[in-house]
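Engineer: I'd like to ask some things about the structure below.
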Amino acid sequence: MAVRPEVADGASRPRGRANNLRWGMALLCFVGLSVNYIDRSALSVALPSMNHDLGFDPSVQGLILGTFFLAYAGFQLPAGVLIDRIGAKRSFALGALVWGVATMLTGLVTGLMALLVFRFLLGIGESTGYPGSAKVVSRWFPRQERAFANSIWDNGARAGTAIALPVVAAIIAWEGWRAAFVVVGVLALLWALWWWRAYHEPEDHPRVTDEELAYIRAGGAREESTSDTGPKVRWRDLFRYRTVWAMMLGFFCLNYIIFFFITWFPSYLVQARGFDLLELGTVGAIPGIVAIGGSLLGGWVSDSLVRRGWSLTKARKTCLIPGMLLSSVIALAVVVPNAATAVVLLSISYASLAFSAASVASLPADVAPQPGQVSSLAGIQNCASNIAGFIGPIVTGVLQTATGGSFVAPLVLSGALGLIGAFSYGVLIRKVEPLPIRVVAERPA
């Protein structure tokens, strides 16, 4: 018989709008991630207009785009540590200020070097987004609501990418590409102000009710205590856990495939399937839209299983393993005869990745050996995933060039990585539970 959440978690779910403040915190993160992705995507939309004024050749354009990901991936590690030390409120606000100013300054560039510097600063600032949001959910949500809450802010990536195209294009048409960077940069500063005024930790929020706070704590939210005098796990010792390496490998595989959709997918539709501009703007949007539904469904399913009394291990793996396995259908898109079937397969693949992503985002809070290391783990995991985001588009381009413009090898490789990701989450991660502190604490200095 399934265990009711009221019994399993030690406190009944509070009713009424006054007791739903935690969902407002998740929506704050969603808006922040949406602005985050609008600002990072603005360059892709503005680049053709910038080239007209500044004259960048294709190789230079690749360098400009890649500089952001080098900074973004590399600074996931220090960003996670920073968030664990000074909290999500200060670090996320600081990150938004940095990326907002960097975006605005991009509108003033007159040469390559300044543009590279500002793109690098953008990557540094935006590195606080993912681990900061994971930290917020770990503090505000009980374990039986954690995956769905993570799916909410994680969809900011898809929403921001979708919004950037029409918004930035409209501003460019109205006032030029320089104005576009200024406007979207201001969005980050406005969000930082909103965040600073609206976000508080659960125990400090002036509007949190006793009922909601009790529910959050009883459900296993990761509470931090400055009075803890027990053994500590050093940041570098997190890499001594097999589970951490499995999380890195799994997220690397997942993000490698996702970045195909972000970077090469339009080219695939045009070159391999003969899409014109109208078809690209309509049919080409389908996989991304379906992926939003897949993300929300994945969060809901994972949390529903926990509420039914399933262990975190079973609940998370039930979403992680099938999602990664099903994402491998991307490889079948190379053998189907018509474009419609290919788009269906690609939509299934993208939605399956998003279905798994909500549980992936929950893992740092689920397994961190100490509550004060949730963001550190999220940063480590996201660093690995964005290394895939940097090298994935390059590998796809190399394989395509080596095979005469064919997308067969890139898509088959992506499908294989989906299977490897499923193996990582299914086999290499044994249990989804807080990692034992004693493993490292007892190691001789």
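Chain labels A, B, ... are given in the sequence in which chains occur in the structure tokens; within each chain residues are numbered consecutively from 1, and ligands are likewise numbered from 1 in the order shown.
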Could you list, as a PyMOL selection string, every residue within 10 Å of Ser356 in chain A, counting only C-alpha atoms and ignoring same-chain residues fewer than 2 positions away?
Structural biologist: chain A and resi 147+151+251+254+294-295+297-299+302+316-324+327+351-354+358-361+422
Engineer: Could you write those residues out with N, CA and C atoms, as a PDB file, in the first residue's frame?
Structural biologist:
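Below you can see out-v4.pdb, which holds the result:
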ATOM      1  N   ALA A 147      11.830  17.788  -7.203  1.00  0.00           N
ATOM      2  CA  ALA A 147      12.052  17.616  -8.641  1.00  0.00           C
ATOM      3  C   ALA A 147      11.155  18.540  -9.460  1.00  0.00           C
ATOM      4  N   SER A 151      12.171  21.537 -11.982  1.00  0.00           N
ATOM      5  CA  SER A 151      11.730  21.601 -13.382  1.00  0.00           C
ATOM      6  C   SER A 151      11.204  22.989 -13.729  1.00  0.00           C
ATOM      7  N   PHE A 251      25.463  13.954 -16.568  1.00  0.00           N
ATOM      8  CA  PHE A 251      25.040  15.277 -17.017  1.00  0.00           C
ATOM      9  C   PHE A 251      25.824  15.715 -18.250  1.00  0.00           C
ATOM     10  N   LEU A 254      23.922  14.067 -21.062  1.00  0.00           N
ATOM     11  CA  LEU A 254      22.632  14.724 -21.279  1.00  0.00           C
ATOM     12  C   LEU A 254      22.813  16.066 -21.990  1.00  0.00           C
ATOM     13  N   GLY A 294       7.962  17.920 -21.264  1.00  0.00           N
ATOM     14  CA  GLY A 294       8.717  16.790 -20.743  1.00  0.00           C
ATOM     15  C   GLY A 294       9.379  17.107 -19.426  1.00  0.00           C
ATOM     16  N   SER A 295       9.896  18.308 -19.272  1.00  0.00           N
ATOM     17  CA  SER A 295      10.541  18.716 -18.024  1.00  0.00           C
ATOM     18  C   SER A 295       9.549  18.753 -16.872  1.00  0.00           C
ATOM     19  N   LEU A 297       6.674  17.243 -16.676  1.00  0.00           N
ATOM     20  CA  LEU A 297       6.201  15.885 -16.413  1.00  0.00           C
ATOM     21  C   LEU A 297       7.231  15.098 -15.605  1.00  0.00           C
ATOM     22  N   GLY A 298       8.507  15.243 -15.952  1.00  0.00           N
ATOM     23  CA  GLY A 298       9.548  14.529 -15.221  1.00  0.00           C
ATOM     24  C   GLY A 298       9.607  14.928 -13.763  1.00  0.00           C
ATOM     25  N   GLY A 299       9.481  16.228 -13.492  1.00  0.00           N
ATOM     26  CA  GLY A 299       9.463  16.672 -12.101  1.00  0.00           C
ATOM     27  C   GLY A 299       8.254  16.156 -11.352  1.00  0.00           C
ATOM     28  N   SER A 302       8.612  12.236 -10.679  1.00  0.00           N
ATOM     29  CA  SER A 302       9.587  11.926  -9.639  1.00  0.00           C
ATOM     30  C   SER A 302       9.044  12.260  -8.259  1.00  0.00           C
ATOM     31  N   ARG A 316      14.075   8.767  -8.323  1.00  0.00           N
ATOM     32  CA  ARG A 316      14.933   9.508  -9.244  1.00  0.00           C
ATOM     33  C   ARG A 316      15.360   8.631 -10.422  1.00  0.00           C
ATOM     34  N   LYS A 317      15.752   7.402 -10.157  1.00  0.00           N
ATOM     35  CA  LYS A 317      16.230   6.539 -11.236  1.00  0.00           C
ATOM     36  C   LYS A 317      15.110   6.163 -12.205  1.00  0.00           C
ATOM     37  N   THR A 318      13.874   6.121 -11.712  1.00  0.00           N
ATOM     38  CA  THR A 318      12.749   5.830 -12.591  1.00  0.00           C
ATOM     39  C   THR A 318      12.597   6.909 -13.660  1.00  0.00           C
ATOM     40  N   CYS A 319      13.031   8.119 -13.358  1.00  0.00           N
ATOM     41  CA  CYS A 319      12.999   9.197 -14.348  1.00  0.00           C
ATOM     42  C   CYS A 319      14.316   9.317 -15.103  1.00  0.00           C
ATOM     43  N   LEU A 320      15.433   9.113 -14.410  1.00  0.00           N
ATOM     44  CA  LEU A 320      16.733   9.295 -15.044  1.00  0.00           C
ATOM     45  C   LEU A 320      17.023   8.238 -16.104  1.00  0.00           C
ATOM     46  N   ILE A 321      16.817   6.974 -15.770  1.00  0.00           N
ATOM     47  CA  ILE A 321      17.222   5.900 -16.679  1.00  0.00           C
ATOM     48  C   ILE A 321      16.344   5.838 -17.928  1.00  0.00           C
ATOM     49  N   PRO A 322      15.012   5.752 -17.808  1.00  0.00           N
ATOM     50  CA  PRO A 322      14.196   5.717 -19.035  1.00  0.00           C
ATOM     51  C   PRO A 322      14.349   6.978 -19.877  1.00  0.00           C
ATOM     52  N   GLY A 323      14.477   8.139 -19.218  1.00  0.00           N
ATOM     53  CA  GLY A 323      14.638   9.368 -19.978  1.00  0.00           C
ATOM     54  C   GLY A 323      15.895   9.364 -20.830  1.00  0.00           C
ATOM     55  N   MET A 324      17.005   8.925 -20.250  1.00  0.00           N
ATOM     56  CA  MET A 324      18.256   8.877 -21.005  1.00  0.00           C
ATOM     57  C   MET A 324      18.204   7.798 -22.088  1.00  0.00           C
ATOM     58  N   SER A 327      16.142   9.049 -24.955  1.00  0.00           N
ATOM     59  CA  SER A 327      16.773  10.143 -25.699  1.00  0.00           C
ATOM     60  C   SER A 327      17.625   9.631 -26.850  1.00  0.00           C
ATOM     61  N   ALA A 351      12.422  15.882 -25.386  1.00  0.00           N
ATOM     62  CA  ALA A 351      11.510  15.793 -24.249  1.00  0.00           C
ATOM     63  C   ALA A 351      12.003  14.778 -23.223  1.00  0.00           C
ATOM     64  N   SER A 352      12.614  13.700 -23.678  1.00  0.00           N
ATOM     65  CA  SER A 352      13.136  12.685 -22.764  1.00  0.00           C
ATOM     66  C   SER A 352      14.303  13.230 -21.951  1.00  0.00           C
ATOM     67  N   LEU A 353      15.150  14.009 -22.600  1.00  0.00           N
ATOM     68  CA  LEU A 353      16.248  14.648 -21.878  1.00  0.00           C
ATOM     69  C   LEU A 353      15.709  15.608 -20.814  1.00  0.00           C
ATOM     70  N   ALA A 354      14.708  16.396 -21.184  1.00  0.00           N
ATOM     71  CA  ALA A 354      14.107  17.322 -20.229  1.00  0.00           C
ATOM     72  C   ALA A 354      13.400  16.569 -19.107  1.00  0.00           C
ATOM     73  N   ALA A 358      14.930  17.250 -14.613  1.00  0.00           N
ATOM     74  CA  ALA A 358      14.399  17.676 -13.318  1.00  0.00           C
ATOM     75  C   ALA A 358      15.005  16.855 -12.182  1.00  0.00           C
ATOM     76  N   SER A 359      15.187  15.568 -12.395  1.00  0.00           N
ATOM     77  CA  SER A 359      15.817  14.726 -11.377  1.00  0.00           C
ATOM     78  C   SER A 359      17.314  14.984 -11.297  1.00  0.00           C
ATOM     79  N   VAL A 360      17.933  15.281 -12.449  1.00  0.00           N
ATOM     80  CA  VAL A 360      19.359  15.626 -12.439  1.00  0.00           C
ATOM     81  C   VAL A 360      19.588  16.844 -11.553  1.00  0.00           C
ATOM     82  N   ALA A 361      18.726  17.853 -11.699  1.00  0.00           N
ATOM     83  CA  ALA A 361      18.873  19.074 -10.911  1.00  0.00           C
ATOM     84  C   ALA A 361      18.623  18.835  -9.423  1.00  0.00           C
ATOM     85  N   ALA A 422      22.463   6.763 -19.376  1.00  0.00           N
ATOM     86  CA  ALA A 422      21.570   5.852 -18.656  1.00  0.00           C
ATOM     87  C   ALA A 422      22.376   4.884 -17.795  1.00  0.00           C
TER      88      ALA A 422
END
Engineer: Pick out the closest residue to Ile124 in chain A from this set: A:Ala170, A:Leu94, A:Ala198, A:Leu305. Count only C-alpha atoms.
Structural biologist: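 Smallest distance to Ile124 in chain A is found for A:Leu94.
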Engineer: Find the residue from A:Ala102, A:Ile391, A:Met248, A:Ala79 that sits nearest to Thr263 in chain A; use only C-alpha atoms when measuring.
Structural biologist: A:Ile391
Engineer: What is the CA of Ser328 in chain A-CA of Ser375 in chain A distance in Å, reported with one decimal?
Structural biologist: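 So the two atoms, CA of Ser328 in chain A and CA of Ser375 in chain A, lie 29.4 Å apart.
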Engineer: For Val335 in chain A, which residue out of A:Val60, A:Gly389, A:Leu411, A:Pro364 is the nearest one, using only C-alpha atoms?
Structural biologist: A:Leu411
Engineer: Measuring atom to atom with only C-alpha atoms, identify which of A:Asp204, A:Arg430, A:Leu97, A:Leu417 is nearest to Asn255 in chain A.
Structural biologist: A:Leu417
Engineer: Would you mind reading off the distance between CA of Ile64 in chain A and CA of Gly132 in chain A, one decimal, in Å?
Structural biologist: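 Going from CA of Ile64 in chain A over to CA of Gly132 in chain A covers 25.9 Å.
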Engineer: Quick one: of A:Met113, A:Leu190, A:Val329, A:Ala93, who's nearest to Phe56 in chain A, counting only C-alpha atoms?
Structural biologist: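 Of A:Met113, A:Leu190, A:Val329, A:Ala93, the one nearest Phe56 in chain A, counting only C-alpha atoms, is A:Met113.
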